[in-house]
Every structure is written in C-alpha cells, then in structure tokens.
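> What follows is coords-v3.cif, made up of mmCIF, C-alpha atoms:
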```
data_model
#
loop_
_atom_site.group_PDB
_atom_site.id
_atom_site.type_symbol
_atom_site.label_atom_id
_atom_site.label_comp_id
_atom_site.auth_asym_id
_atom_site.auth_seq_id
_atom_site.Cartn_x
_atom_site.Cartn_y
_atom_site.Cartn_z
ATOM 1 C CA MET Z 1 -69.857 -18.247 -40.806
ATOM 2 C CA GLN Z 2 -73.187 -18.459 -42.590
ATOM 3 C CA GLN Z 3 -72.562 -18.779 -46.315
ATOM 4 C CA THR Z 4 -74.945 -17.600 -48.990
ATOM 5 C CA ASN Z 5 -75.134 -19.577 -52.223
ATOM 6 C CA LEU Z 6 -73.282 -17.143 -54.474
ATOM 7 C CA SER Z 7 -72.095 -17.756 -58.009
ATOM 8 C CA THR Z 8 -68.745 -16.288 -59.036
ATOM 9 C CA GLY Z 9 -68.693 -17.715 -62.522
ATOM 10 C CA CYS Z 10 -69.741 -14.565 -64.351
ATOM 11 C CA PRO Z 11 -67.738 -13.316 -67.332
ATOM 12 C CA ALA Z 12 -65.353 -10.406 -66.837
ATOM 13 C CA ALA Z 13 -67.568 -8.200 -69.002
ATOM 14 C CA VAL Z 14 -70.191 -8.076 -66.250
ATOM 15 C CA VAL Z 15 -67.793 -7.248 -63.409
ATOM 16 C CA ASP Z 16 -69.176 -3.849 -62.485
ATOM 17 C CA PRO Z 17 -67.525 -1.947 -60.870
ATOM 18 C CA VAL Z 18 -64.218 -2.990 -62.358
ATOM 19 C CA TYR Z 19 -61.118 -3.641 -60.275
ATOM 20 C CA PRO Z 20 -59.562 -0.280 -59.324
ATOM 21 C CA GLY Z 21 -56.046 -1.432 -60.186
ATOM 22 C CA THR Z 22 -54.592 -1.381 -56.671
ATOM 23 C CA ALA Z 23 -54.929 -4.258 -54.223
ATOM 24 C CA LEU Z 24 -56.832 -3.632 -50.997
ATOM 25 C CA ARG Z 25 -55.220 -4.999 -47.849
ATOM 26 C CA VAL Z 26 -54.866 -4.330 -44.128
ATOM 27 C CA GLY Z 27 -54.310 -0.588 -43.829
ATOM 28 C CA SER Z 28 -56.285 0.334 -46.956
ATOM 29 C CA SER Z 29 -59.109 2.842 -46.567
ATOM 30 C CA GLY Z 30 -61.755 4.601 -48.598
ATOM 31 C CA SER Z 31 -64.962 3.902 -50.460
ATOM 32 C CA GLU Z 32 -63.559 0.924 -52.367
ATOM 33 C CA THR Z 33 -62.738 -0.810 -49.083
ATOM 34 C CA ALA Z 34 -66.224 0.097 -47.821
ATOM 35 C CA ARG Z 35 -67.770 -1.369 -50.965
ATOM 36 C CA MET Z 36 -65.921 -4.646 -50.409
ATOM 37 C CA GLN Z 37 -67.069 -4.717 -46.762
ATOM 38 C CA LYS Z 38 -70.646 -4.147 -47.872
ATOM 39 C CA TYR Z 39 -70.397 -6.862 -50.519
ATOM 40 C CA LEU Z 40 -68.691 -9.333 -48.180
ATOM 41 C CA ASN Z 41 -71.541 -8.889 -45.722
ATOM 42 C CA VAL Z 42 -73.766 -10.642 -48.259
ATOM 43 C CA PHE Z 43 -71.415 -13.624 -48.075
ATOM 44 C CA LEU Z 44 -71.308 -13.426 -44.284
ATOM 45 C CA ALA Z 45 -74.942 -12.709 -43.474
ATOM 46 C CA GLY Z 46 -77.043 -12.541 -46.624
ATOM 47 C CA CYS Z 47 -78.581 -9.479 -48.218
ATOM 48 C CA ALA Z 48 -79.979 -8.341 -44.851
ATOM 49 C CA GLN Z 49 -76.348 -7.705 -43.824
ATOM 50 C CA ARG Z 50 -77.053 -7.988 -40.094
ATOM 51 C CA GLY Z 51 -74.000 -8.542 -37.905
ATOM 52 C CA ALA Z 52 -70.801 -9.234 -39.832
ATOM 53 C CA LEU Z 53 -68.532 -6.356 -40.870
ATOM 54 C CA THR Z 54 -68.867 -2.699 -39.996
ATOM 55 C CA VAL Z 55 -68.896 -0.822 -43.285
ATOM 56 C CA ASP Z 56 -66.482 1.967 -42.377
ATOM 57 C CA GLY Z 57 -63.960 1.916 -45.216
ATOM 58 C CA ARG Z 58 -61.105 0.780 -42.960
ATOM 59 C CA PHE Z 59 -59.440 -2.520 -43.827
ATOM 60 C CA GLY Z 60 -58.610 -4.156 -40.511
ATOM 61 C CA SER Z 61 -58.214 -7.668 -39.160
ATOM 62 C CA ARG Z 62 -61.941 -8.513 -39.311
ATOM 63 C CA THR Z 63 -62.110 -7.494 -42.975
ATOM 64 C CA LYS Z 64 -58.995 -9.556 -43.676
ATOM 65 C CA ALA Z 65 -60.594 -12.592 -42.000
ATOM 66 C CA ALA Z 66 -63.756 -12.141 -44.074
ATOM 67 C CA VAL Z 67 -61.713 -11.924 -47.263
ATOM 68 C CA GLU Z 68 -59.854 -15.110 -46.331
ATOM 69 C CA ALA Z 69 -63.126 -16.917 -45.630
ATOM 70 C CA PHE Z 70 -64.521 -15.805 -48.977
ATOM 71 C CA GLN Z 71 -61.352 -16.837 -50.803
ATOM 72 C CA ALA Z 72 -61.331 -20.274 -49.159
ATOM 73 C CA ALA Z 73 -64.991 -20.850 -50.005
ATOM 74 C CA HIS Z 74 -64.526 -19.909 -53.648
ATOM 75 C CA GLY Z 75 -61.276 -21.648 -54.528
ATOM 76 C CA LEU Z 76 -59.109 -18.533 -54.523
ATOM 77 C CA SER Z 77 -55.631 -18.075 -53.125
ATOM 78 C CA VAL Z 78 -56.142 -17.396 -49.412
ATOM 79 C CA ASP Z 79 -54.064 -14.328 -48.571
ATOM 80 C CA GLY Z 80 -56.602 -11.855 -47.171
ATOM 81 C CA VAL Z 81 -55.770 -9.380 -49.928
ATOM 82 C CA ILE Z 82 -58.328 -8.135 -52.470
ATOM 83 C CA GLY Z 83 -56.438 -8.233 -55.740
ATOM 84 C CA GLY Z 84 -57.968 -8.438 -59.192
ATOM 85 C CA ASN Z 85 -59.232 -12.029 -58.984
ATOM 86 C CA THR Z 86 -60.728 -11.644 -55.531
ATOM 87 C CA TRP Z 87 -62.309 -8.285 -56.420
ATOM 88 C CA ASN Z 88 -63.916 -9.802 -59.516
ATOM 89 C CA ALA Z 89 -65.217 -12.789 -57.575
ATOM 90 C CA ILE Z 90 -66.683 -10.647 -54.784
ATOM 91 C CA VAL Z 91 -68.333 -8.255 -57.245
ATOM 92 C CA CYS Z 92 -69.767 -11.072 -59.351
ATOM 93 C CA ALA Z 93 -71.066 -12.814 -56.249
ATOM 94 C CA TYR Z 94 -72.730 -9.689 -54.893
ATOM 95 C CA ASN Z 95 -74.249 -8.674 -58.228
ATOM 96 C CA ALA Z 96 -75.672 -12.146 -58.793
ATOM 97 C CA VAL Z 97 -77.617 -11.961 -55.536
ATOM 98 C CA CYS Z 98 -78.317 -8.248 -55.040
ATOM 99 C CA ASN Z 99 -78.329 -6.957 -58.644
ATOM 100 C CA GLY Z 100 -75.539 -4.481 -57.958
ATOM 101 C CA SER Z 101 -73.358 -2.379 -60.229
ATOM 102 C CA ALA Z 102 -70.910 0.505 -60.062
ATOM 103 C CA GLU Z 103 -73.945 2.681 -59.336
ATOM 104 C CA THR Z 104 -74.669 0.794 -56.110
ATOM 105 C CA PHE Z 105 -73.903 3.051 -53.130
ATOM 106 C CA PRO Z 106 -70.453 1.986 -51.872
ATOM 107 C CA GLY Z 107 -71.455 1.967 -48.204
ATOM 108 C CA ILE Z 108 -69.866 5.151 -46.841
ATOM 109 C CA THR Z 109 -70.358 8.845 -47.531
ATOM 110 C CA LEU Z 110 -68.041 10.395 -50.116
ATOM 111 C CA ARG Z 111 -66.492 13.605 -48.828
ATOM 112 C CA PRO Z 112 -63.666 16.069 -49.561
ATOM 113 C CA SER Z 113 -60.143 14.585 -49.676
ATOM 114 C CA MET Z 114 -61.411 11.156 -50.764
ATOM 115 C CA THR Z 115 -60.154 9.623 -54.004
ATOM 116 C CA GLY Z 116 -61.031 6.622 -56.132
ATOM 117 C CA GLN Z 117 -63.327 5.305 -58.804
ATOM 118 C CA ASP Z 118 -66.515 5.993 -56.821
ATOM 119 C CA VAL Z 119 -65.582 9.678 -56.721
ATOM 120 C CA LEU Z 120 -64.719 9.513 -60.415
ATOM 121 C CA LEU Z 121 -68.128 8.017 -61.267
ATOM 122 C CA MET Z 122 -69.931 10.812 -59.430
ATOM 123 C CA GLN Z 123 -67.766 13.436 -61.159
ATOM 124 C CA GLN Z 124 -68.600 11.950 -64.541
ATOM 125 C CA HIS Z 125 -72.320 11.886 -63.745
ATOM 126 C CA LEU Z 126 -72.311 15.488 -62.529
ATOM 127 C CA ASN Z 127 -70.393 16.630 -65.615
ATOM 128 C CA THR Z 128 -72.911 14.886 -67.853
ATOM 129 C CA LEU Z 129 -75.787 16.532 -65.975
ATOM 130 C CA SER Z 130 -74.252 19.975 -66.423
ATOM 131 C CA ALA Z 131 -75.365 19.851 -70.070
ATOM 132 C CA THR Z 132 -79.005 19.810 -68.957
ATOM 133 C CA TYR Z 133 -78.531 21.740 -65.715
ATOM 134 C CA PRO Z 134 -75.714 24.248 -66.389
ATOM 135 C CA GLY Z 135 -75.988 25.529 -62.839
ATOM 136 C CA ILE Z 136 -73.793 22.508 -62.033
ATOM 137 C CA ALA Z 137 -70.245 23.586 -62.842
ATOM 138 C CA MET Z 138 -68.016 21.320 -64.901
ATOM 139 C CA GLN Z 139 -64.941 19.905 -63.189
ATOM 140 C CA ALA Z 140 -61.917 17.773 -63.986
ATOM 141 C CA ALA Z 141 -62.946 14.122 -63.720
ATOM 142 C CA ASP Z 142 -59.836 13.016 -61.867
ATOM 143 C CA GLY Z 143 -61.224 10.857 -59.066
ATOM 144 C CA SER Z 144 -60.229 13.404 -56.416
ATOM 145 C CA TYR Z 145 -62.882 15.030 -54.206
ATOM 146 C CA GLY Z 146 -61.665 18.622 -54.074
ATOM 147 C CA THR Z 147 -63.217 22.080 -53.969
ATOM 148 C CA ASN Z 148 -64.686 21.882 -57.482
ATOM 149 C CA MET Z 149 -66.330 18.544 -56.671
ATOM 150 C CA SER Z 150 -67.695 19.945 -53.415
ATOM 151 C CA ASN Z 151 -69.174 22.922 -55.267
ATOM 152 C CA ALA Z 152 -70.768 20.755 -57.953
ATOM 153 C CA VAL Z 153 -72.331 18.490 -55.313
ATOM 154 C CA TYR Z 154 -73.783 21.546 -53.547
ATOM 155 C CA GLN Z 155 -75.127 22.884 -56.856
ATOM 156 C CA PHE Z 156 -76.806 19.558 -57.531
ATOM 157 C CA GLN Z 157 -78.219 19.198 -54.032
ATOM 158 C CA TYR Z 158 -79.747 22.670 -53.960
ATOM 159 C CA GLN Z 159 -81.532 22.190 -57.265
ATOM 160 C CA PHE Z 160 -83.042 18.852 -56.219
ATOM 161 C CA SER Z 161 -84.169 19.660 -52.656
ATOM 162 C CA LEU Z 162 -81.483 17.715 -50.838
ATOM 163 C CA PRO Z 163 -79.672 18.909 -47.709
ATOM 164 C CA ALA Z 164 -76.888 21.001 -49.250
ATOM 165 C CA ASP Z 165 -74.002 19.619 -47.192
ATOM 166 C CA ARG Z 166 -71.587 19.048 -50.108
ATOM 167 C CA LEU Z 167 -71.303 15.362 -49.187
ATOM 168 C CA ILE Z 168 -72.461 12.339 -51.178
ATOM 169 C CA GLY Z 169 -74.321 10.160 -48.727
ATOM 170 C CA THR Z 170 -76.944 7.551 -49.496
ATOM 171 C CA ASN Z 171 -79.666 9.999 -50.591
ATOM 172 C CA THR Z 172 -77.452 12.259 -52.695
ATOM 173 C CA TRP Z 173 -75.799 9.249 -54.359
ATOM 174 C CA ALA Z 174 -79.199 7.752 -55.208
ATOM 175 C CA ARG Z 175 -80.510 11.069 -56.529
ATOM 176 C CA ILE Z 176 -77.460 11.702 -58.718
ATOM 177 C CA VAL Z 177 -77.852 8.217 -60.191
ATOM 178 C CA SER Z 178 -81.601 8.621 -60.785
ATOM 179 C CA VAL Z 179 -81.330 12.105 -62.302
ATOM 180 C CA HIS Z 180 -78.456 10.937 -64.504
ATOM 181 C CA THR Z 181 -80.488 7.925 -65.644
ATOM 182 C CA ALA Z 182 -83.495 10.126 -66.379
ATOM 183 C CA ALA Z 183 -81.437 12.585 -68.416
ATOM 184 C CA ALA Z 184 -79.796 9.765 -70.372
ATOM 185 C CA SER Z 185 -83.232 8.422 -71.277
ATOM 186 C CA ALA Z 186 -84.428 11.860 -72.486
ATOM 187 C CA ASN Z 187 -86.754 12.162 -69.497
ATOM 188 C CA PRO Z 188 -85.012 14.895 -67.467
ATOM 189 C CA ALA Z 189 -86.010 15.384 -63.850
ATOM 190 C CA PHE Z 190 -87.516 18.703 -62.786
ATOM 191 C CA VAL Z 191 -85.577 21.083 -60.560
ATOM 192 C CA THR Z 192 -87.087 22.182 -57.264
ATOM 193 C CA SER Z 193 -84.738 25.027 -56.351
ATOM 194 C CA ARG Z 194 -86.181 27.091 -53.519
ATOM 195 C CA TYR Z 195 -86.115 30.890 -53.509
ATOM 196 C CA PRO Z 196 -82.877 32.015 -51.824
ATOM 197 C CA GLY Z 197 -84.695 34.516 -49.605
ATOM 198 C CA THR Z 198 -82.937 37.601 -50.948
ATOM 199 C CA PRO Z 199 -83.691 39.289 -54.291
ATOM 200 C CA LEU Z 200 -81.064 38.860 -57.003
ATOM 201 C CA ARG Z 201 -80.099 42.016 -58.890
ATOM 202 C CA VAL Z 202 -77.195 43.660 -60.695
ATOM 203 C CA GLY Z 203 -74.170 43.153 -58.473
ATOM 204 C CA SER Z 204 -75.403 39.881 -56.953
ATOM 205 C CA SER Z 205 -73.164 36.846 -57.290
ATOM 206 C CA GLY Z 206 -72.967 33.187 -56.362
ATOM 207 C CA ASP Z 207 -74.720 29.912 -57.047
ATOM 208 C CA MET Z 208 -78.251 31.353 -56.929
ATOM 209 C CA VAL Z 209 -77.310 33.648 -59.813
ATOM 210 C CA ARG Z 210 -75.800 30.647 -61.651
ATOM 211 C CA PHE Z 211 -79.076 28.790 -61.308
ATOM 212 C CA ALA Z 212 -81.122 31.775 -62.482
ATOM 213 C CA GLN Z 213 -78.861 32.284 -65.501
ATOM 214 C CA SER Z 214 -79.126 28.624 -66.457
ATOM 215 C CA TYR Z 215 -82.917 28.692 -66.121
ATOM 216 C CA LEU Z 216 -83.226 31.876 -68.166
ATOM 217 C CA ASN Z 217 -81.117 30.339 -70.922
ATOM 218 C CA GLY Z 218 -83.375 27.286 -70.951
ATOM 219 C CA VAL Z 219 -86.528 29.380 -71.060
ATOM 220 C CA LEU Z 220 -85.490 32.187 -73.394
ATOM 221 C CA GLY Z 221 -82.888 30.458 -75.543
ATOM 222 C CA THR Z 222 -80.399 33.148 -74.545
ATOM 223 C CA ARG Z 223 -76.674 32.561 -74.176
ATOM 224 C CA LEU Z 224 -75.949 34.145 -70.848
ATOM 225 C CA SER Z 225 -72.633 33.153 -69.341
ATOM 226 C CA VAL Z 226 -73.543 30.897 -66.433
ATOM 227 C CA ASP Z 227 -70.893 32.427 -64.224
ATOM 228 C CA GLY Z 228 -72.787 33.494 -61.108
ATOM 229 C CA ARG Z 229 -72.310 37.211 -61.780
ATOM 230 C CA PHE Z 230 -75.469 39.282 -62.205
ATOM 231 C CA GLY Z 231 -74.628 41.896 -64.816
ATOM 232 C CA THR Z 232 -76.620 43.923 -67.304
ATOM 233 C CA ALA Z 233 -77.081 40.993 -69.717
ATOM 234 C CA THR Z 234 -78.683 38.942 -66.937
ATOM 235 C CA ARG Z 235 -80.823 41.931 -65.940
ATOM 236 C CA ASP Z 236 -82.057 42.334 -69.515
ATOM 237 C CA ALA Z 237 -82.901 38.627 -69.732
ATOM 238 C CA VAL Z 238 -84.844 38.888 -66.472
ATOM 239 C CA ARG Z 239 -86.800 41.826 -67.875
ATOM 240 C CA THR Z 240 -87.625 39.839 -71.008
ATOM 241 C CA PHE Z 241 -88.842 36.942 -68.883
ATOM 242 C CA GLN Z 242 -90.879 39.183 -66.615
ATOM 243 C CA ARG Z 243 -92.539 40.904 -69.573
ATOM 244 C CA ALA Z 244 -93.495 37.552 -71.105
ATOM 245 C CA GLN Z 245 -94.952 36.335 -67.803
ATOM 246 C CA GLY Z 246 -96.899 39.491 -66.994
ATOM 247 C CA LEU Z 247 -94.727 40.288 -63.987
ATOM 248 C CA THR Z 248 -93.427 43.640 -62.821
ATOM 249 C CA VAL Z 249 -90.577 44.456 -65.205
ATOM 250 C CA ASP Z 250 -87.747 45.583 -62.952
ATOM 251 C CA GLY Z 251 -84.880 43.230 -63.852
ATOM 252 C CA ILE Z 252 -84.765 41.942 -60.278
ATOM 253 C CA ILE Z 253 -85.388 38.301 -59.346
ATOM 254 C CA GLY Z 254 -87.589 38.494 -56.290
ATOM 255 C CA SER Z 255 -89.818 35.755 -54.918
ATOM 256 C CA ALA Z 256 -92.533 36.202 -57.586
ATOM 257 C CA THR Z 257 -90.085 36.065 -60.493
ATOM 258 C CA TRP Z 258 -88.277 33.068 -58.980
ATOM 259 C CA ALA Z 259 -91.598 31.282 -58.401
ATOM 260 C CA ALA Z 260 -92.491 31.778 -62.059
ATOM 261 C CA LEU Z 261 -89.030 30.880 -63.382
ATOM 262 C CA ILE Z 262 -88.819 27.375 -61.914
ATOM 263 C CA PRO Z 263 -91.991 25.881 -63.480
ATOM 264 C CA VAL Z 264 -91.336 27.586 -66.813
ATOM 265 C CA PHE Z 265 -87.815 26.139 -66.864
ATOM 266 C CA ASN Z 266 -89.226 22.704 -66.004
ATOM 267 C CA ALA Z 267 -91.707 23.101 -68.864
ATOM 268 C CA SER Z 268 -88.726 23.711 -71.161
ATOM 269 C CA LEU Z 269 -87.281 20.378 -69.988
ATOM 270 C CA ARG Z 270 -90.443 18.640 -71.181
ATOM 271 C CA ARG Z 271 -89.492 19.639 -74.711
ATOM 272 C CA LEU Z 272 -86.361 17.512 -74.294
ATOM 273 C CA ARG Z 273 -88.424 14.418 -73.582
#
```
Kindly transcribe the structure held in the file into structure tokens.

Amino acid sequence: MQQTNLSTGCPAAVVDPVYPGTALRVGSSGSETARMQKYLNVFLAGCAQRGALTVDGRFGSRTKAAVEAFQAAHGLSVDGVIGGNTWNAIVCAYNAVCNGSAETFPGITLRPSMTGQDVLLMQQHLNTLSATYPGIAMQAADGSYGTNMSNAVYQFQYQFSLPADRLIGTNTWARIVSVHTAAASANPAFVTSRYPGTPLRVGSSGDMVRFAQSYLNGVLGTRLSVDGRFGTATRDAVRTFQRAQGLTVDGIIGSATWAALIPVFNASLRRLR
C-alpha cells in the first residue's frame, strides 16, 4: 500500500470529531464508518483518494484490512477494530493533511433512520439556525434522523435553493455548515425561497406559511406564531406589509407580495450584521 506521511502526534484537544464512544468493527455501519473509510483513503492513496476503499458506510473485510495496515504503520495494536486510540490517530492523521474537522462531510448521505454524531451535529446546527430563520422548526438534538429532522432539512433546503429531498448529501451538508458559520459570525446568509406557485391566504397551511410568518416577523417586528397556519393574525400582518410596500392590500400572499417579502426580509438580516 502507498503510505502518505501522516503525523498522529496531535494532542487530544484537536481530535475533531471526537471518538463516538463505540468501537467500529466488521459489521458496523453508518456515517461514522463512512468517515473512517474516507479518512483511511488518505493513508491508502493520498488526498486524491483514488482506488482504495469504497466509502459506503459498511465495515467489511477490506475496511478491516485498511485499519490493520494503518495500525501497523502507526505503532497501534493491530486488531482491525477502530476503538478510541485508533479513531484518534486516524482523525489526527487526516486533519493534519487535509485540514478536516467534525464539519467535514462524512462521505455518505445522511438520511432517515440513521443515527450518530454526524446526525447530531446537523441537528445542532439546524436548531441554532432556527433563531435566525424560524421557518426551520426546532427538534430534539438526539442524534436520530427521524421525521422532525427530515422536516427541518426540507425547511432549510427550500429556503436556500437546494433540491428539497430531505436528505443531507454533500451540497446540503456544505450549505448547512456555511450558513451556520455565517450566522455565528453575525453575517447571516440571505434566503432565496421561491414562490410556491399558489397564493397563501386564510386557511392555508404548511411550510410555505411557516416561511412567510417568519419573514413577516423579521420585517415587521411582529410576534406571529410560526406554526404554518394562516389565520387572521397572519392576514393582518400581510396587509400591514402590503400597505408599507405599496402593494394591493388584500391580505393574500400572491407572487407580487412574495417577491417583495424575500428581499425586504433579507434587508432585515443586514441589520444583524
């Protein structure tokens, strides 16, 4: 095997992501296994990662052999199991060469029914973003990709012009990380939510109403419940917005009102910068 000159002598404080607490071995599966396959490919083939392991999140015999080769090359106990010491060494080695962290894409798409610390990180990021973009519903940060996680991913994707498939692939992962970083640095990213195609009015419900309510609150300073139910309070807020923008005052969010609402909401985000 081709070996890359990797240093594993980094202090524990810079092991990021941290060991998940459960050893990975033949039969293990999930994003943490995929992350280790991706990281081991740097040891096997360099940062280009050509050849070597298939990053599929399934710990089989080839992954075990790669772990054993890494352990032998770095003075670790050779058992083909990724326990705490081996995890730390692999992470340190990868980060030293490829500048990785917990926010590095793990290598496979996160999807419903998955569990683990990669799911937990995305839940935490989405919950943090809900303070700036309340159209993203809060959820329990439990490391389990369930219905609430799926909904929050969709709500994020729609507002940032991503394919709204409820899955966290490479592009959605990268966008969640970048929007989270921007919000944390008081430089919030602008939403690009497209008009849903059907006017929103009293009796409407769903995520498009959630988004509209959150945008109206940001623009008007109102305290609408961001619940996805278009009632009289939402109608009155729409009328107030329409009057201020010189639009037809009918309390209905059609294409013209939506088109005005997005840039005005984004302008309100500038005040947070």
> Just the residues within 8 Å of region 144-156 of chain Z, please, counting all atoms listed in the file, with nothing from its chain fewer than 4 positions along; format it as a PyMOL selection string.
chain Z and resi 111-116+119-120+123+126+135-139+160+164-168+176+207
> Taking into account only C-alpha atoms, which residue in the set Z:Ala66, Z:Met208, Z:Ala244, Z:Cys98 is nearest to Pro196 (chain Z)?
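Result for the nearest residue to Pro196 (chain Z): Z:Met208.
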> So the first atom is CA of Gly60 (chain Z) and the second is CA of Ser101 (chain Z); what is the distance between them in Å, to one decimal place?
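Here the two named atoms are 24.7 Å from each other.
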> Just to confirm, what's the straight-line distance from CA of Ala96 (chain Z) to CA of Arg35 (chain Z) in Å (one decimal)?
15.5 Å
> Could you check how far CA of Val209 (chain Z) sits from CA of Arg229 (chain Z), in Å to one decimal?
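Between these atoms lies a distance of 6.4 Å.
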> For Pro199 (chain Z), please output as a list in words all residues within 10 Å (counting all atoms listed in the file; exclusion window: fewer than 3 positions along the same chain).
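The residues satisfying every condition are Tyr195, Pro196, Ser204, Met208, Ile252, Ile253, Gly254, Ser255, Ala256, Thr257 and Trp258 of chain Z.
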> With only C-alpha atoms as the counted atoms, please give the residues lying no more than 10 Å from Val179 (chain Z), apart from itself and same-chain residues fewer than 5 positions off, as a count of residues only.
12
> Smallest atom-to-atom distance to Phe230 (chain Z): which of Z:Val42, Z:Ile262, Z:Ala212, Z:Leu121, using all atoms listed in the file?
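Of the candidates, the smallest distance to Phe230 (chain Z) is held by Z:Ala212.
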> Would you mind listing what lies within 10 Å of Ala183 (chain Z) as a ChimeraX atom specification, with only C-alpha atoms counted and same-chain residues fewer than 6 positions away left out?
/Z:128-129,131-133,177,189,269,272-273
> Compare Z:Leu110, Z:Val55, Z:Asn41, Z:Leu24 by their minimum atom-to-atom distance to Val81 (chain Z), counting all atoms listed in the file, and give me the closest one.
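Going through Z:Leu110, Z:Val55, Z:Asn41, Z:Leu24 one by one, the smallest distance to Val81 (chain Z) is for Z:Leu24.
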> Return the single residue from Z:Val202, Z:Leu220, Z:Leu40, Z:Ala267 that is closest to Val97 (chain Z), with distances computed using all atoms listed in the file.
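Of all the options, Z:Leu40 lies closest to Val97 (chain Z).
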> Using only C-alpha atoms, can you tell me which of Z:Gly206, Z:Pro106, Z:Gly218, Z:Pro163 comes closest to Pro134 (chain Z)?
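Of Z:Gly206, Z:Pro106, Z:Gly218, Z:Pro163, the one nearest Pro134 (chain Z), counting only C-alpha atoms, is Z:Gly218.
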> For the file shown, report as a list in words the outcome of the PyMOL selection byres ((chain Z and resi 226) around 8) at residue level.
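Listing what the PyMOL selection byres ((chain Z and resi 226) around 8) selects in the shown file: Pro134, Gly135, Arg210, Phe211, Gln213, Ser214, Leu224, Ser225, Asp227, Gly228 and Arg229 of chain Z.
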> Compare Z:Ser161, Z:Gly221, Z:Arg201, Z:Tyr215 by their minimum atom-to-atom distance to Asp250 (chain Z), counting all atoms listed in the file, and give me the closest one.
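Of all the options, Z:Arg201 lies closest to Asp250 (chain Z).
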> Can you tell me which residues surround Val78 (chain Z) at a distance of at most 6 Å, considering only C-alpha atoms, apart from same-chain residues fewer than 6 positions away, and format the answer as a list in words?
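My list of contacting residues is Glu68, Gln71 and Ala72 of chain Z.
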